[in-house]
Amino acid sequence: FIIIKSQVHKSQLANKKEVIEKFAALIEKSLIVPKKRKPTRPTKASKIKNQESKQKNSEIKQFRKKIDLP
């Protein structure tokens, strides 16, 4: 069951008209089919940029380690 209610107007007739409009809008909205998401892949440039940032981060972490002297 769907219950649609309106108490905006003083008259019952005006409230009934508003409920009918709300119901029509609800049905119209439910009939619209959303577009499906098209899966995308990362670009070559973004892969290279990501790899470079990982390499830089790795180097920074390498400098944090203690140095073993022979």
# chains A, B, ... in the order shown; residues from 1 in each chain; ligands from 1

$ residues_around --residues "Glu18 of chain A" --least-positions-apart "3" --cutoff "10 Å" --atoms "only C-alpha atoms" --output "list in words"
Ile4, Lys5, Ser6, Gln7, Val8, His9, Gln12, Leu13, Ala14, Asn15, Glu21, Lys22, Phe23 and Ala24 of chain A

$ write_last_selection --atoms "C-alpha atoms" --output "short mmCIF file (atom, residue, chain, number, x, y, z; two decimals), in the first residue's frame"
data_model
loop_
_atom_site.label_atom_id
_atom_site.label_comp_id
_atom_site.auth_asym_id
_atom_site.auth_seq_id
_atom_site.Cartn_x
_atom_site.Cartn_y
_atom_site.Cartn_z
CA ILE A 4 0.15 9.84 0.19
CA LYS A 5 -0.99 12.61 2.44
CA SER A 6 -1.33 16.39 2.12
CA GLN A 7 -2.47 18.97 4.67
CA VAL A 8 -1.07 22.08 3.06
CA HIS A 9 -4.33 23.69 1.98
CA GLN A 12 -10.11 19.06 1.21
CA LEU A 13 -10.48 19.38 -2.56
CA ALA A 14 -7.20 21.30 -2.92
CA ASN A 15 -5.42 18.70 -0.78
CA GLU A 21 -0.19 15.45 -8.48
CA LYS A 22 2.24 13.88 -5.99
CA PHE A 23 1.12 10.40 -7.02
CA ALA A 24 1.54 11.20 -10.71
#

$ select_by_dssp --residues "chain A" --states "alpha helix (DSSP H)" --output "PyMOL selection string"
chain A and resi 12-31+44-64

$ atom_distance --atom1 "atom CA of Ile67 of chain A" --atom2 "atom CA of Lys49 of chain A"
29.4 Å
